[in-house]
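Trainee: Got a structure for you, questions after.
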Amino acid sequence: MRTQVVIIGSGPSGLLLGQLLSNAGIDNVVLERVTKEYVLSRIRAGVLEEGACAMLEEAGAAERMRLEGLPHDGFDLTFDGQRHRIDLHGLTGGKRVMVYGQTEVTRDLMDQREKTGGKTVYEAADVELHDFDGDKPYVTYRKDGVEQRIDCDFIAGCDGFHGASRKAAPASLLKVYEKVYPFGWLGIIADVPPVNHELIYSNHPRGFALCSMRSHTRSRYYVQVPLDEKVEDWSDDRFWDEIRRRLTPDAAEAMTTGPSIEKSIAPLRSFVAEPLRFGRMFLVGDAGHIVPPTGAKGLNLAASDVRYLFDALREYYGEKSMAGIDGYSARALRRIWKAERFSWWMTTLMHRFPDDGGFGQKIQEAELDYTVNSRAASVALAENYVGLPY
Ligand code: RFL
Ligand code: PHB
């Protein structure tokens, strides 16, 4: 088989890139290791920047988001027993974010791909990338026990943090930067109305808590837990008791509880691989970088990578120019490092660090106070949260 671009991974970055390429008449095949149902069972991001929404519009996959997504003009920061509203809309001159789950984004992109005849191979086992340092790259995989080969012009590695693409990059050329945090997030989803019409990020002596949502009837909640915590040790009752203790009394009282429909623990990490291009292979989204979820940037960074790579490929096929392709890595990394900085900063601001000591704690309190009481600091938070320009 032959195609122009092989895309590895059918997460949001692979599907978004695939749809934009298809719309532009550039032939592509998506190879996914697991089943469609498994991809759609993963519960992840919930907050989209305007740039990511615009990309979904461009892909032709934004109709349901427009109808069902919840535009948010701000969020609350809670610390020292007080709630402070961050007015995203006012502080950024009219920007907002869209609360719409990654699962729904993925479903919409899959539906659009099916509708427009895009090819996706699910359960593609042992995907291997070959000869991307030359002019004739190809990808091999096994499907139903049979070895397959696709020849192509380019390979887009959209296969997440544990995928095959980054591992295929020559170790001598790859540099990684990493920071692992000494805690994780225990998250649940429950079919109960959200405690507040906007998100609440809470810094509390017992640890960080986040109140988010998927709709007016479905809530997404998280609490900071130590890394060795086991999800089996967290009954629903224990979770609800813990999160209520980490909120202000008015919020704790307003919280509706109910049975969880998902519960899991995710470790927090910052990670960047450099560069993001190896000849005719590109790293896109979580394959190239990870942010801790505190700033809600992971999926949004995947979207901006796709913006840069799609523009580069369109330029290559339209004008036979390599300029965008040559510039992809540096262009994407400029935005990635700013989101890494913001996500690290917000994580540091909002969590309790086991080894911080009294000085670190006092500095955090001063920074929180400054963040909500200085307009300049509030603007800096807001402009990063809604997303820096592409
Ligand atoms: P994905 O979504 O991991 O998709 C990669 C796909 O590649 C497949 N794959 C392979 N396919 C073929 N061969 C192989 N060898 C393969 N190895 C893997 C996988 O099965 C999968 O289908 O990466 P992508 O597309 O780059 O998307 C990135 C986002 O998923 C991620 O950044 C966000 O979920 C991060 N994130 C958040 N981002 C936000 O922008 N806003 C948020 O509010 C937000 N909250 C979160 C988050 C991530 C979380 N977790 C669990 C990591 C909250 C959480 C709890
Ligand atoms: C979510 O709804 O899952 C979510 C929202 C905001 C974050 C992280 C996760 O910062």
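Ordering of the structure tokens sets the chain letters (A, B, ...); residue numbers start at 1 within each chain; ligands are numbered from 1 in the order shown.
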I'd like a table as CSV: residues in chain A with an atom no more than 8 Å from ligand 2, each row giving the shortest atom pair and its distance in Å to one decimal, only C-alpha atoms and all ligand atoms counted, sorted by chain and rising residue number.

Mentor:
```
residue,atom,partner,partner_atom_place_in_ligand_line,distance
A:Ile43,CA,ligand 2,3 (O),7.7
A:Arg44,CA,ligand 2,3 (O),5.6
A:Ala45,CA,ligand 2,3 (O),4.5
A:Gly46,CA,ligand 2,2 (O),3.8
A:Val47,CA,ligand 2,5 (C),5.5
A:Val99,CA,ligand 2,2 (O),7.4
A:Gly101,CA,ligand 2,2 (O),7.1
A:Leu199,CA,ligand 2,6 (C),7.4
A:Leu210,CA,ligand 2,6 (C),7.4
A:Cys211,CA,ligand 2,2 (O),7.7
A:Ser212,CA,ligand 2,2 (O),4.7
A:Met213,CA,ligand 2,2 (O),5.5
A:Arg214,CA,ligand 2,2 (O),6.7
A:Arg220,CA,ligand 2,2 (O),5.7
A:Tyr221,CA,ligand 2,2 (O),7.5
A:Pro293,CA,ligand 2,8 (C),4.8
A:Thr294,CA,ligand 2,10 (O),4.1
A:Gly295,CA,ligand 2,10 (O),4.6
A:Ala296,CA,ligand 2,10 (O),3.8
A:Lys297,CA,ligand 2,10 (O),7.5
```

Trainee: Within 6 Å of ligand 1, counting only C-alpha atoms and all ligand atoms, which protein or nucleic acid residues do you find, written as an MDAnalysis selection string?

Mentor: chainID A and resid 8:14 31:34 39 44:47 127 158:160 162:164 266 285:287 293 296:300 302

Trainee: Take the residues from that selection and write them out as a CSV table (one decimal), in the first residue's frame, keeping N, CA, C and O atoms.

Mentor:
```csv
chain,number,residue,atom,x,y,z
A,8,ILE,N,0.5,7.8,13.0
A,8,ILE,CA,0.5,6.7,14.0
A,8,ILE,C,-0.2,7.2,15.2
A,8,ILE,O,0.2,8.2,15.8
A,9,GLY,N,-1.4,6.6,15.5
A,9,GLY,CA,-2.1,7.0,16.7
A,9,GLY,C,-3.4,7.7,16.3
A,9,GLY,O,-3.4,8.6,15.5
A,10,SER,N,-4.5,7.2,16.9
A,10,SER,CA,-5.8,7.9,16.6
A,10,SER,C,-6.3,8.6,17.9
A,10,SER,O,-7.5,8.5,18.2
A,11,GLY,N,-5.4,9.3,18.6
A,11,GLY,CA,-5.9,10.2,19.6
A,11,GLY,C,-6.3,11.5,19.0
A,11,GLY,O,-6.3,11.6,17.7
A,12,PRO,N,-6.5,12.6,19.7
A,12,PRO,CA,-6.9,13.8,19.1
A,12,PRO,C,-5.9,14.4,18.1
A,12,PRO,O,-6.3,14.9,17.1
A,13,SER,N,-4.6,14.2,18.4
A,13,SER,CA,-3.6,14.8,17.4
A,13,SER,C,-3.6,14.1,16.1
A,13,SER,O,-3.7,14.7,15.0
A,14,GLY,N,-3.6,12.8,16.1
A,14,GLY,CA,-3.6,12.0,14.9
A,14,GLY,C,-4.9,12.2,14.1
A,14,GLY,O,-4.9,12.4,12.9
A,31,LEU,N,-2.9,4.6,11.8
A,31,LEU,CA,-2.7,3.3,12.4
A,31,LEU,C,-2.8,3.4,13.9
A,31,LEU,O,-2.1,4.2,14.5
A,32,GLU,N,-3.8,2.6,14.4
A,32,GLU,CA,-4.0,2.7,15.9
A,32,GLU,C,-3.8,1.3,16.5
A,32,GLU,O,-4.3,0.3,16.0
A,33,ARG,N,-3.1,1.3,17.6
A,33,ARG,CA,-2.8,0.0,18.3
A,33,ARG,C,-4.0,-0.7,18.9
A,33,ARG,O,-4.0,-1.9,18.9
A,34,VAL,N,-4.9,0.1,19.4
A,34,VAL,CA,-6.0,-0.6,20.2
A,34,VAL,C,-7.3,-0.4,19.4
A,34,VAL,O,-7.3,0.1,18.2
A,39,VAL,N,-10.1,3.4,22.6
A,39,VAL,CA,-9.7,4.8,22.5
A,39,VAL,C,-10.8,5.7,23.1
A,39,VAL,O,-10.6,6.6,23.9
A,44,ARG,N,-10.0,11.9,29.6
A,44,ARG,CA,-8.9,12.8,29.8
A,44,ARG,C,-9.3,14.3,29.9
A,44,ARG,O,-10.1,14.6,30.7
A,45,ALA,N,-8.8,15.0,28.9
A,45,ALA,CA,-8.9,16.5,29.0
A,45,ALA,C,-10.4,17.0,29.0
A,45,ALA,O,-11.3,16.3,28.5
A,46,GLY,N,-10.5,18.2,29.5
A,46,GLY,CA,-11.9,18.8,29.5
A,46,GLY,C,-11.9,20.2,29.0
A,46,GLY,O,-13.0,20.7,28.8
A,47,VAL,N,-10.8,20.9,28.8
A,47,VAL,CA,-10.8,22.4,28.6
A,47,VAL,C,-10.1,22.7,27.2
A,47,VAL,O,-9.0,22.3,27.1
A,127,VAL,N,3.7,-1.7,15.3
A,127,VAL,CA,4.0,-0.7,14.3
A,127,VAL,C,5.5,-0.3,14.4
A,127,VAL,O,6.0,-0.1,15.5
A,158,CYS,N,1.9,10.4,16.2
A,158,CYS,CA,0.9,11.0,17.0
A,158,CYS,C,0.5,10.0,18.1
A,158,CYS,O,-0.7,9.9,18.4
A,159,ASP,N,1.4,9.2,18.5
A,159,ASP,CA,1.1,8.0,19.3
A,159,ASP,C,1.3,8.1,20.8
A,159,ASP,O,1.6,7.1,21.5
A,160,GLY,N,1.3,9.3,21.3
A,160,GLY,CA,1.3,9.5,22.7
A,160,GLY,C,2.6,9.2,23.4
A,160,GLY,O,3.6,8.9,22.7
A,162,HIS,N,3.7,6.8,25.3
A,162,HIS,CA,4.3,5.5,25.3
A,162,HIS,C,4.3,4.9,23.9
A,162,HIS,O,4.5,3.7,23.8
A,163,GLY,N,4.2,5.7,22.9
A,163,GLY,CA,4.1,5.2,21.5
A,163,GLY,C,5.5,4.7,20.9
A,163,GLY,O,6.5,4.8,21.6
A,164,ALA,N,5.4,4.3,19.7
A,164,ALA,CA,6.6,3.7,19.0
A,164,ALA,C,7.5,4.8,18.3
A,164,ALA,O,8.6,4.6,18.1
A,266,ALA,N,-3.6,9.4,38.1
A,266,ALA,CA,-2.6,9.7,37.0
A,266,ALA,C,-1.4,10.4,37.7
A,266,ALA,O,-1.6,11.4,38.4
A,285,GLY,N,2.1,16.2,19.6
A,285,GLY,CA,1.3,16.0,20.8
A,285,GLY,C,2.1,15.3,21.9
A,285,GLY,O,3.3,15.5,22.0
A,286,ASP,N,1.4,14.4,22.6
A,286,ASP,CA,2.0,13.7,23.8
A,286,ASP,C,3.2,12.9,23.4
A,286,ASP,O,4.0,12.5,24.3
A,287,ALA,N,3.4,12.5,22.1
A,287,ALA,CA,4.5,11.7,21.7
A,287,ALA,C,5.8,12.6,21.9
A,287,ALA,O,6.9,12.0,22.2
A,293,PRO,N,-1.5,18.2,34.3
A,293,PRO,CA,-2.8,18.7,33.8
A,293,PRO,C,-3.3,20.0,34.4
A,293,PRO,O,-4.3,20.5,34.0
A,296,ALA,N,-4.4,22.7,32.1
A,296,ALA,CA,-5.3,22.2,31.0
A,296,ALA,C,-4.7,22.4,29.6
A,296,ALA,O,-5.3,22.9,28.7
A,297,LYS,N,-3.4,22.1,29.5
A,297,LYS,CA,-2.7,22.5,28.2
A,297,LYS,C,-2.4,21.3,27.3
A,297,LYS,O,-2.1,21.5,26.1
A,298,GLY,N,-2.5,20.0,27.8
A,298,GLY,CA,-2.0,18.9,27.0
A,298,GLY,C,-2.6,18.8,25.6
A,298,GLY,O,-2.0,18.8,24.6
A,299,LEU,N,-3.9,18.7,25.6
A,299,LEU,CA,-4.7,18.5,24.3
A,299,LEU,C,-4.5,19.8,23.5
A,299,LEU,O,-4.4,19.7,22.3
A,300,ASN,N,-4.5,20.9,24.1
A,300,ASN,CA,-4.4,22.2,23.4
A,300,ASN,C,-3.0,22.3,22.7
A,300,ASN,O,-2.9,22.9,21.6
A,302,ALA,N,-1.3,19.7,21.7
A,302,ALA,CA,-1.4,18.7,20.6
A,302,ALA,C,-2.1,19.5,19.4
A,302,ALA,O,-1.6,19.3,18.2
```

Trainee: So that I can check the surroundings of A:Ala62, please list as an MDAnalysis selection string every protein, DNA and RNA residue that reaches within 12 Å of it, counting only C-alpha atoms and ignoring chain neighbours fewer than 3 positions away.

Mentor: chainID A and resid 16 48 50 52:59 65:69 98 100 104:109 111:112

Trainee: Given the selection you just returned, output its residues as a file containing N, CA, C and O atoms, formatted as a compact mmCIF listing (two decimals), in the first residue's frame.

Mentor:
```
# COMPACT_ATOMS: atom_id res chain seq x y z
N LEU A 16 -7.05 14.79 14.26
CA LEU A 16 -7.17 16.18 13.78
C LEU A 16 -6.28 16.39 12.56
O LEU A 16 -6.71 16.93 11.54
N LEU A 48 -10.86 23.31 26.32
CA LEU A 48 -10.28 23.63 25.01
C LEU A 48 -10.05 25.14 24.88
O LEU A 48 -10.94 25.94 25.20
N GLU A 50 -9.49 28.56 22.50
CA GLU A 50 -10.16 28.99 21.27
C GLU A 50 -9.42 28.49 20.03
O GLU A 50 -10.05 28.16 19.02
N ALA A 52 -7.83 25.66 19.66
CA ALA A 52 -8.17 24.26 19.43
C ALA A 52 -9.59 24.16 18.86
O ALA A 52 -9.86 23.34 17.96
N CYS A 53 -10.51 25.01 19.38
CA CYS A 53 -11.88 25.01 18.85
C CYS A 53 -11.88 25.39 17.37
O CYS A 53 -12.60 24.80 16.56
N ALA A 54 -11.06 26.38 17.02
CA ALA A 54 -11.00 26.82 15.63
C ALA A 54 -10.48 25.70 14.73
O ALA A 54 -10.93 25.55 13.59
N MET A 55 -9.56 24.91 15.24
CA MET A 55 -9.04 23.79 14.43
C MET A 55 -10.13 22.74 14.21
O MET A 55 -10.20 22.12 13.15
N LEU A 56 -10.95 22.51 15.25
CA LEU A 56 -12.05 21.55 15.08
C LEU A 56 -13.05 22.08 14.05
O LEU A 56 -13.60 21.31 13.26
N GLU A 57 -13.28 23.39 14.07
CA GLU A 57 -14.15 24.00 13.05
C GLU A 57 -13.57 23.75 11.66
O GLU A 57 -14.28 23.32 10.75
N GLU A 58 -12.27 24.02 11.52
CA GLU A 58 -11.60 23.88 10.22
C GLU A 58 -11.67 22.42 9.74
O GLU A 58 -11.79 22.15 8.54
N ALA A 59 -11.62 21.49 10.70
CA ALA A 59 -11.68 20.07 10.35
C ALA A 59 -13.10 19.64 9.99
O ALA A 59 -13.31 18.54 9.47
N MET A 65 -19.76 20.22 19.39
CA MET A 65 -19.12 21.07 20.38
C MET A 65 -19.83 22.42 20.48
O MET A 65 -20.05 22.95 21.57
N ARG A 66 -20.22 22.95 19.32
CA ARG A 66 -20.93 24.24 19.32
C ARG A 66 -22.25 24.14 20.06
O ARG A 66 -22.66 25.05 20.75
N LEU A 67 -22.92 22.99 19.93
CA LEU A 67 -24.23 22.81 20.57
C LEU A 67 -24.12 22.42 22.04
O LEU A 67 -24.85 22.91 22.89
N GLU A 68 -23.17 21.52 22.35
CA GLU A 68 -23.15 20.92 23.69
C GLU A 68 -22.03 21.42 24.57
O GLU A 68 -22.05 21.23 25.79
N GLY A 69 -20.99 22.03 23.97
CA GLY A 69 -19.86 22.53 24.76
C GLY A 69 -20.30 23.68 25.66
O GLY A 69 -21.27 24.37 25.37
N MET A 98 -13.52 26.64 26.25
CA MET A 98 -14.68 25.78 26.00
C MET A 98 -14.51 24.50 26.81
O MET A 98 -13.49 23.82 26.69
N TYR A 100 -15.41 20.94 27.03
CA TYR A 100 -15.95 19.90 26.15
C TYR A 100 -14.94 18.75 26.20
O TYR A 100 -13.76 18.95 25.94
N GLU A 104 -15.32 13.33 23.67
CA GLU A 104 -16.29 13.82 22.67
C GLU A 104 -15.55 14.37 21.45
O GLU A 104 -15.98 14.15 20.31
N VAL A 105 -14.44 15.07 21.68
CA VAL A 105 -13.62 15.57 20.57
C VAL A 105 -13.20 14.39 19.69
O VAL A 105 -13.31 14.41 18.45
N THR A 106 -12.72 13.34 20.35
CA THR A 106 -12.23 12.16 19.63
C THR A 106 -13.38 11.51 18.85
O THR A 106 -13.22 11.15 17.68
N ARG A 107 -14.54 11.37 19.50
CA ARG A 107 -15.69 10.76 18.84
C ARG A 107 -16.10 11.58 17.60
O ARG A 107 -16.35 11.04 16.53
N ASP A 108 -16.14 12.91 17.76
CA ASP A 108 -16.54 13.77 16.64
C ASP A 108 -15.56 13.64 15.47
O ASP A 108 -15.96 13.62 14.30
N LEU A 109 -14.27 13.58 15.80
CA LEU A 109 -13.26 13.46 14.74
C LEU A 109 -13.34 12.08 14.07
O LEU A 109 -13.18 11.96 12.85
N ASP A 111 -16.07 10.27 13.80
CA ASP A 111 -17.30 10.29 12.97
C ASP A 111 -17.04 11.01 11.65
O ASP A 111 -17.45 10.56 10.58
N GLN A 112 -16.35 12.15 11.75
CA GLN A 112 -16.07 12.93 10.55
C GLN A 112 -15.16 12.15 9.60
O GLN A 112 -15.35 12.18 8.38
```

Trainee: List every residue of stretch 153-222 of chain A that has an atom at most 9 Å from any atom of stretch 351-371 of chain A, giving for each one its closest atom pair and the distance in Å to one decimal, counting only C-alpha atoms, sorted by chain and then by ascending residue number, as JSON lines.

Mentor:
```
{"residue": "A:Tyr181", "atom": "CA", "partner": "A:Phe353", "partner_atom": "CA", "distance": 8.7}
{"residue": "A:Pro182", "atom": "CA", "partner": "A:Phe353", "partner_atom": "CA", "distance": 7.3}
{"residue": "A:Phe183", "atom": "CA", "partner": "A:Phe353", "partner_atom": "CA", "distance": 8.2}
{"residue": "A:Ser202", "atom": "CA", "partner": "A:His351", "partner_atom": "CA", "distance": 8.6}
{"residue": "A:Asn203", "atom": "CA", "partner": "A:His351", "partner_atom": "CA", "distance": 6.2}
{"residue": "A:His204", "atom": "CA", "partner": "A:Arg352", "partner_atom": "CA", "distance": 7.6}
{"residue": "A:Pro205", "atom": "CA", "partner": "A:Arg352", "partner_atom": "CA", "distance": 6.9}
{"residue": "A:Arg206", "atom": "CA", "partner": "A:Arg352", "partner_atom": "CA", "distance": 7.6}
{"residue": "A:Gly207", "atom": "CA", "partner": "A:Arg352", "partner_atom": "CA", "distance": 5.3}
{"residue": "A:Phe208", "atom": "CA", "partner": "A:His351", "partner_atom": "CA", "distance": 5.0}
{"residue": "A:Ala209", "atom": "CA", "partner": "A:His351", "partner_atom": "CA", "distance": 8.5}
```

Trainee: Considering only C-alpha atoms, state which residue in the set A:Asp76, A:Glu37, A:Glu340, A:Asp228 is at the smallest distance from A:Tyr201.

Mentor: A:Asp76
